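Participant: First the structure, which I've put down as structure tokens, then a few questions once you've had a look.
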Protein chains: 2
Amino acid sequence: MTQYQQATTGTITAAMQRVAEREGLAPDTIRDEIAAGRLVIPANRIHLEGLGEDRLDPCGIGRAVRTKINANIGASPVSSCRDHELIKLEHAVRYGADAVMDLSTGGDLDETRQFLLARSTVPIGTVPIYSMIVDRPIEDLTCERILATCEAQARQGVDFFTIHAGLLREHIPLATRRRLGIVSRGGSLLAKWMTHHGRQNPMYEMFDEISAIMRQYDVCYSLGDGLRPGCLADASDEAQFAELDVLGELVARAREAGVQVMVEGPGHVPYNEIEMNMTRQQEVCHGAPFYVLGPIVTDAFPGYDHITAAIGATAAAVYGASFLCYVTPAEHLALPTPDDVRAGCVAHKIAAHAADIARGLRGARDRDDAISEARSAFDWTRQLELAFDGEAARAIRSRDAGKQDTDDFCSMCGRDWCAMRISRDVAERNAEASS
Amino acid sequence: MTQYQQATTGTITAAMQRVAEREGLAPDTIRDEIAAGRLVIPANRIHLEGLGEDRLDPCGIGRAVRTKINANIGASPVSSCRDHELIKLEHAVRYGADAVMDLSTGGDLDETRQFLLARSTVPIGTVPIYSMIVDRPIEDLTCERILATCEAQARQGVDFFTIHAGLLREHIPLATRRRLGIVSRGGSLLAKWMTHHGRQNPMYEMFDEISAIMRQYDVCYSLGDGLRPGCLADASDEAQFAELDVLGELVARAREAGVQVMVEGPGHVPYNEIEMNMTRQQEVCHGAPFYVLGPIVTDAFPGYDHITAAIGATAAAVYGASFLCYVTPAEHLALPTPDDVRAGCVAHKIAAHAADIARGLRGARDRDDAISEARSAFDWTRQLELAFDGEAARAIRSRDAGKQDTDDFCSMCGRDWCAMRISRDVAERNAEASS
């Protein structure tokens with residue numbers, strides 16, 4: 001039985017217990033949210049039982065809990081090395097990723113996936129279509145191979161699958177007239193298949209068979225947005241919303257099949273359209289957790305898309321998203337390095353955290369208050385301990401370390417010009433005067 | 001006559017003409033906005049006439065025009081070198097700063113200021129109180145020295161002054177009970193002076209005399225927010241809003257004196273309080289341009305405050321701010337280096353640009369659309385030319401340059417897996433089929 005099926009029959013599983021503990025919420029709340037379809041725990045029973053060195057630590061995704069972030073890693077045909085991907089996985093988890101997707105399209109895909117699953121305490125997601133066509137043209141994809149690949153990856157322990165079942169044949173003309181067409185790899189591949197065969201999307205046609213496999217292992221759906229906009233000019237267009245309507249229908253079908261489901265979203269979206277996009281998805285998709293890529297709020301800053309995305313992601317998480325897929329500085333340019341993974345994770349952790357504070361989530365501001373206390377006390381050791389990436393902060397502070405002889409200020413203002421020191425002095429004098 | 005005085009008498013000055021040209025707006029619009037107090041052109045007539053190698057290129061700040069960004073530079077007692085500050089000025093302008101503040105508190109302040117003014121095409125702002133007390137304790141500050149310093153800096157050609165005239169004696173008890181007290185240098189110094197002398201803020205008491213000096217040279221007010229919150233816990237509190245009410249009164253007094261005026265704002269603010277803060281300032285301050293520092297939306301990410309600030313700055317610029325003071329990765333930790341200046345500028349340029357798109361400013365999305373066209377055409381040369389920081393983008397793309405033999409893809413997906421290539425193929429086949 002899947003987490004969803006158990007929740008709907010009133011059961012609180014060990015995974016629900018663990019999520020409740022991690023979030024500081026009552027187990028009933030977690031169960032009820034799962035039963036309502038508003039929260040998922042992507043936890044393949046194989047990964048949950050443990051596959052190797054590490055086992056999965058269950059993680060909840062939904063509006064009732066903290067906003068989560070995902071890091072995409074994976075080899076490409078241009079650059080592939082299993083150990084390199086492990087370094088990226090470790091960096092991702094160290095810098096705050098709550099889940100990781102292995103999007104490998106190069107090297108030995110099965111081996112890399114198995115290798116990462118055995119070493120990951122966070123849920124691992126994949127896009128199974130990549131494995132389906134790695135050694136053959138997309139035109140040769142058959143229904144048998146789709147099911148066999150889903151089955152094989154589910155058996156390996158993958159926790160969530162991106163399945164691009166919402167992009168229908170009739171949507172293709174809407175997409176080809178766009179400025180950037182289809183920018184989703186899975187979406188573009190399926191559009192090519194449909195165009196070649198003159199048939200409907202096989203992921204849509206076989207949705208119930210795929211669901212049956214996923215239910216068996218409790219793999220969670222991440223319904224892919226094959227028609228996400230790839231630039232501001234394509235945002236919130238007919239193609240995007242036509243697919244969204246199908247995704248809403250598929251959410252209902254996944255739930256009927258007892259399978260957990262979340263929904264992927266844009267993409268590139270102007271800042272002023274983010275709230276509308278979040279509201280519309282929540283309505284159309286019956287409250288299923290929304291998993292967004294960015295959204296990137298300007299197209300003009302390649303090299304800095306971790307920032308353009310973190311801005312959009314903060315607004316998205318405030319207005320309805322539950323899961324933020326990171327974007328790294330390498331977006332649009334190259335395969336990310338471990339340093340890019342770090343930059344992408346931290347930027348999106350900022351977005352998730354800032355949004356949780358804005359949403360008024362209980363305890364969300366505790367760390368901020370503690371670090372402000374440490375600042376107020378000029379306790380640099382504690383301040384850097386509490387910093388999300390203390391190593392980065394320490395490196396900046398230590399640049400001028402030789403130039404100062406005490407610890408109660410920083411080189412920005414120097415000792416005599418430190419506003420907080422002066423302010424403390426003022427407070428003391430005022431306290432004296434009034435006593 | 002100041003730009004404000006001329007606008008109110010119906011005159012369109014050369015500076016207004018130039019701003020209109022830079023913004024693609026009618027000169028009448030610029031004049032009318034200035035006359036209404038909703039737009040300023042910080043342009044000291046000395047700097048406008050030219051001081052040395054370069055002369056000021058007038059820049060408008062207000063809601064009717066593009067959102068502007070400011071970079072703070074300046075030596076500190078811990079690190080001071082005139083040439084080093086020039087490098088920062090050049091970096092700032094290169095990476096998008098529309099104005100620069102010289103906040104030096106170390107080295108020869110007068111000489112550094114003169115040196116930068118003679119080489120700056122962008123408006124230069126200062127906080128004159130720093131020069132007033134650089135060689136003596138704040139307690140020794142006299143009214144004569146305040147006026148003499150303002151006069152001397154105005155005569156040098158400084159375009160805007162931060163004057164902390166809104167922090168009154170009666171606000172000090174509101175500030176000392178905060179978690180972080182007063183985090184503005186100018187604000188804390190004046191609070192110390194008031195506490196020592198048991199007198200009202202001299203900047204407030206002498207506001208009209210200061211205005212008279214500023215009017216003579218057309219120096220623009222940037223009314224300082226001495227009580228800006230220094231952490232989320234202090235945001236939107238009684239201290240902050242008590243000062244804001246005084247700033248509103250001072251906006252009216254500055255205008256009566258014929259002086260251009262903008263107003264400084266927070267600071268550290270939770271994301272959900274930004275819109276309210278912007279609306280309130282615009283109402284209380286009679287539409288005067290709002291110049292915000294960030295706001296930073298979480299306290300827990302030292303080392304990444306260019307990102308925490310860019311998130312807040314985007315929302316601020318959407319909801320009411322016109323001028324964004326950058327925050328660099330060194331904030332809270334050290335004096336920024338030229339690299340930090342670059343990172344801070346680019347992050348805030350993203351915020352300003354994303355907000356201008358969201359506000360629907362005419363032409364704001366042109367660059368985004370052009371870069372998306374170049375992406376669609378796989379024209380990497382053009383794409384990197386159009387990128388705001390093409391050098392950074394090129395460095396990332398070139399990492400894998402030796403690994404690919406053609407130019408129509410990137411190493412993220414490799415050639416065969418490029419969604420845009422596949423999508424183009426689909427579009428071509430569909431076009432054939434329908435012809």
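Ordered as shown in the structure tokens, chains take letters A, B, and onward, while each chain numbers its residues from 1 and ligands are numbered from 1 in the order shown.
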Output as a PyMOL selection string all residues of region 139-376 of chain A that backbone DSSP marks as alpha helix (DSSP H).
Facilitator: chain A and resi 143-156+172-176+185-197+202-205+207-217+238-256+274-284+305-319+338-358+366-376
Participant: Using only C-alpha atoms, which residues sit within 6 Å of Ala310 (chain B) once same-chain residues fewer than 6 positions away are excluded, as number ranges by chain?
Facilitator: B: 347-348, 351
Participant: Report as a Markdown table the residues of chain A within 6 Å of chain B, each with its shortest atom pair and distance in Å (one decimal), using only C-alpha atoms, ordered by chain and increasing residue number.
Facilitator:
| residue | atom | partner | partner_atom | distance |
| --- | --- | --- | --- | --- |
| A:Ser76 | CA | B:Cys413 | CA | 5.8 |
| A:Pro77 | CA | B:Gly414 | CA | 5.9 |
| A:Val78 | CA | B:Ser411 | CA | 5.7 |
| A:Thr176 | CA | B:Ala427 | CA | 5.2 |
| A:Leu180 | CA | B:Ser376 | CA | 5.6 |
| A:Ile182 | CA | B:Ser423 | CA | 5.4 |
| A:Val183 | CA | B:Ala419 | CA | 5.1 |
| A:Ser184 | CA | B:Ala419 | CA | 5.8 |
| A:Arg185 | CA | B:Ala419 | CA | 4.5 |
| A:Ser188 | CA | B:Ser423 | CA | 5.4 |
| A:Lys192 | CA | B:Val426 | CA | 5.5 |
| A:Pro270 | CA | B:Ala358 | CA | 5.9 |
| A:Tyr271 | CA | B:Ala358 | CA | 5.4 |
| A:Asn272 | CA | B:Ala358 | CA | 4.9 |
| A:Val297 | CA | B:Ala354 | CA | 5.8 |
| A:Thr298 | CA | B:Ala354 | CA | 5.7 |
| A:Asp299 | CA | B:Asp368 | CA | 4.9 |
| A:Ala300 | CA | B:Asp368 | CA | 5.1 |
| A:Phe301 | CA | B:Phe388 | CA | 5.4 |
| A:Pro302 | CA | B:Ala393 | CA | 5.6 |
| A:Gly303 | CA | B:Ala393 | CA | 4.5 |
| A:Ile311 | CA | B:Ile311 | CA | 4.9 |
| A:Leu333 | CA | B:Arg397 | CA | 4.9 |
| A:Ala334 | CA | B:Met412 | CA | 4.4 |
| A:Leu335 | CA | B:Met412 | CA | 3.9 |
| A:Ala354 | CA | B:Thr298 | CA | 5.7 |
| A:Ala358 | CA | B:Asn272 | CA | 4.9 |
| A:Asp368 | CA | B:Asp299 | CA | 4.9 |
| A:Ser376 | CA | B:Leu180 | CA | 5.6 |
| A:Ala387 | CA | B:Ala300 | CA | 5.3 |
| A:Phe388 | CA | B:Phe301 | CA | 5.4 |
| A:Ala392 | CA | B:Gly303 | CA | 5.7 |
| A:Ala393 | CA | B:Gly303 | CA | 4.5 |
| A:Arg397 | CA | B:Leu333 | CA | 5.0 |
| A:Cys410 | CA | B:Ala334 | CA | 5.7 |
| A:Ser411 | CA | B:Ala334 | CA | 4.6 |
| A:Met412 | CA | B:Leu335 | CA | 3.9 |
| A:Cys413 | CA | B:Ser76 | CA | 5.8 |
| A:Gly414 | CA | B:Val78 | CA | 5.8 |
| A:Ala419 | CA | B:Arg185 | CA | 4.5 |
| A:Met420 | CA | B:Val183 | CA | 5.6 |
| A:Ile422 | CA | B:Ser188 | CA | 5.9 |
| A:Ser423 | CA | B:Ser188 | CA | 5.4 |
| A:Val426 | CA | B:Lys192 | CA | 5.5 |
| A:Ala427 | CA | B:Thr176 | CA | 5.2 |
Participant: If we count only C-alpha atoms, what is near Ala152 (chain A) at a cut-off of 10 Å, once residues fewer than 4 positions away on the same chain are taken out, given as a short mmCIF file (atom, residue, chain, number, x, y, z; two decimals) with C-alpha atoms, in the first residue's frame?
Facilitator:
data_model
loop_
_atom_site.label_atom_id
_atom_site.label_comp_id
_atom_site.auth_asym_id
_atom_site.auth_seq_id
_atom_site.Cartn_x
_atom_site.Cartn_y
_atom_site.Cartn_z
CA ASP A 110 21.47 2.23 -14.73
CA PRO A 128 12.46 7.55 -17.05
CA LEU A 147 6.48 -0.01 -18.96
CA ALA A 148 9.65 -2.12 -18.68
CA GLN A 156 15.85 0.05 -8.21
CA GLY A 157 14.20 2.25 -5.58
CA VAL A 158 13.59 5.56 -7.37
CA ILE A 213 3.66 -0.06 -11.55
#
Participant: Please measure the separation of CA of Leu247 (chain B) and CA of Cys143 (chain B), giving the value in Å to one decimal.
Facilitator: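 About the pair CA of Leu247 (chain B) and CA of Cys143 (chain B): they are 20.5 Å apart.
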Participant: From the options B:Phe378, B:Arg66, B:Asn72, B:Arg31, which residue's atoms come nearest to Val341 (chain B), counting only C-alpha atoms?
Facilitator: B:Asn72
Participant: Which residues are near Thr126 (chain B)? Cut-off 7 Å, only C-alpha atoms, ignore same chain within fewer than 2 positions. Put them as an mmCIF file with all heavy atoms, in the first residue's frame.
Facilitator:
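Just written: around-v6.cif:
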data_model
loop_
_atom_site.group_PDB
_atom_site.id
_atom_site.type_symbol
_atom_site.label_atom_id
_atom_site.label_comp_id
_atom_site.auth_asym_id
_atom_site.auth_seq_id
_atom_site.Cartn_x
_atom_site.Cartn_y
_atom_site.Cartn_z
ATOM 1 N N MET B 101 27.594 55.690 -3.935
ATOM 2 C CA MET B 101 27.828 56.464 -2.715
ATOM 3 C C MET B 101 29.241 56.211 -2.224
ATOM 4 O O MET B 101 29.683 55.063 -2.124
ATOM 5 C CB MET B 101 26.807 56.108 -1.635
ATOM 6 C CG MET B 101 25.399 56.591 -1.989
ATOM 7 S SD MET B 101 24.228 56.511 -0.598
ATOM 8 C CE MET B 101 24.705 57.983 0.326
ATOM 9 N N ASP B 102 29.936 57.284 -1.923
ATOM 10 C CA ASP B 102 31.258 57.176 -1.311
ATOM 11 C C ASP B 102 31.055 57.269 0.198
ATOM 12 O O ASP B 102 30.815 58.353 0.739
ATOM 13 C CB ASP B 102 32.162 58.310 -1.816
ATOM 14 C CG ASP B 102 33.483 58.351 -1.059
ATOM 15 O OD1 ASP B 102 33.825 57.344 -0.382
ATOM 16 O OD2 ASP B 102 34.184 59.381 -1.130
ATOM 17 N N LEU B 103 31.136 56.120 0.849
ATOM 18 C CA LEU B 103 30.888 56.057 2.295
ATOM 19 C C LEU B 103 32.189 55.967 3.073
ATOM 20 O O LEU B 103 32.226 55.378 4.153
ATOM 21 C CB LEU B 103 29.995 54.859 2.620
ATOM 22 C CG LEU B 103 28.631 54.812 1.931
ATOM 23 C CD1 LEU B 103 27.794 53.664 2.489
ATOM 24 C CD2 LEU B 103 27.878 56.130 2.120
ATOM 25 N N ILE B 124 27.082 60.984 -7.488
ATOM 26 C CA ILE B 124 27.800 60.524 -6.300
ATOM 27 C C ILE B 124 27.073 61.039 -5.058
ATOM 28 O O ILE B 124 26.739 62.228 -4.970
ATOM 29 C CB ILE B 124 29.255 61.065 -6.286
ATOM 30 C CG1 ILE B 124 30.069 60.494 -7.467
ATOM 31 C CG2 ILE B 124 29.940 60.767 -4.952
ATOM 32 C CD1 ILE B 124 30.553 59.077 -7.307
ATOM 33 N N PRO B 128 27.350 63.110 4.867
ATOM 34 C CA PRO B 128 28.299 64.126 5.337
ATOM 35 C C PRO B 128 28.719 63.979 6.803
ATOM 36 O O PRO B 128 29.810 64.405 7.164
ATOM 37 C CB PRO B 128 27.545 65.442 5.095
ATOM 38 C CG PRO B 128 26.600 65.139 3.985
ATOM 39 C CD PRO B 128 26.185 63.717 4.208
ATOM 40 N N PHE B 160 24.060 63.927 -4.035
ATOM 41 C CA PHE B 160 23.010 63.722 -3.024
ATOM 42 C C PHE B 160 23.628 63.422 -1.665
ATOM 43 O O PHE B 160 24.689 62.827 -1.575
ATOM 44 C CB PHE B 160 21.978 62.667 -3.435
ATOM 45 C CG PHE B 160 22.494 61.278 -3.741
ATOM 46 C CD1 PHE B 160 22.304 60.233 -2.834
ATOM 47 C CD2 PHE B 160 23.134 60.985 -4.943
ATOM 48 C CE1 PHE B 160 22.740 58.943 -3.115
ATOM 49 C CE2 PHE B 160 23.585 59.697 -5.227
ATOM 50 C CZ PHE B 160 23.393 58.680 -4.316
ATOM 51 N N PHE B 161 22.948 63.917 -0.647
ATOM 52 C CA PHE B 161 23.400 63.760 0.743
ATOM 53 C C PHE B 161 22.420 62.891 1.510
ATOM 54 O O PHE B 161 21.212 63.166 1.496
ATOM 55 C CB PHE B 161 23.387 65.106 1.482
ATOM 56 C CG PHE B 161 24.502 66.060 1.164
ATOM 57 C CD1 PHE B 161 24.387 67.400 1.570
ATOM 58 C CD2 PHE B 161 25.667 65.662 0.516
ATOM 59 C CE1 PHE B 161 25.401 68.316 1.312
ATOM 60 C CE2 PHE B 161 26.685 66.575 0.248
ATOM 61 C CZ PHE B 161 26.548 67.910 0.652
ATOM 62 N N THR B 162 22.935 61.917 2.224
ATOM 63 C CA THR B 162 22.106 61.250 3.219
ATOM 64 C C THR B 162 22.173 62.071 4.493
ATOM 65 O O THR B 162 23.255 62.279 5.051
ATOM 66 C CB THR B 162 22.613 59.826 3.513
ATOM 67 O OG1 THR B 162 22.449 59.037 2.339
ATOM 68 C CG2 THR B 162 21.833 59.190 4.652
#
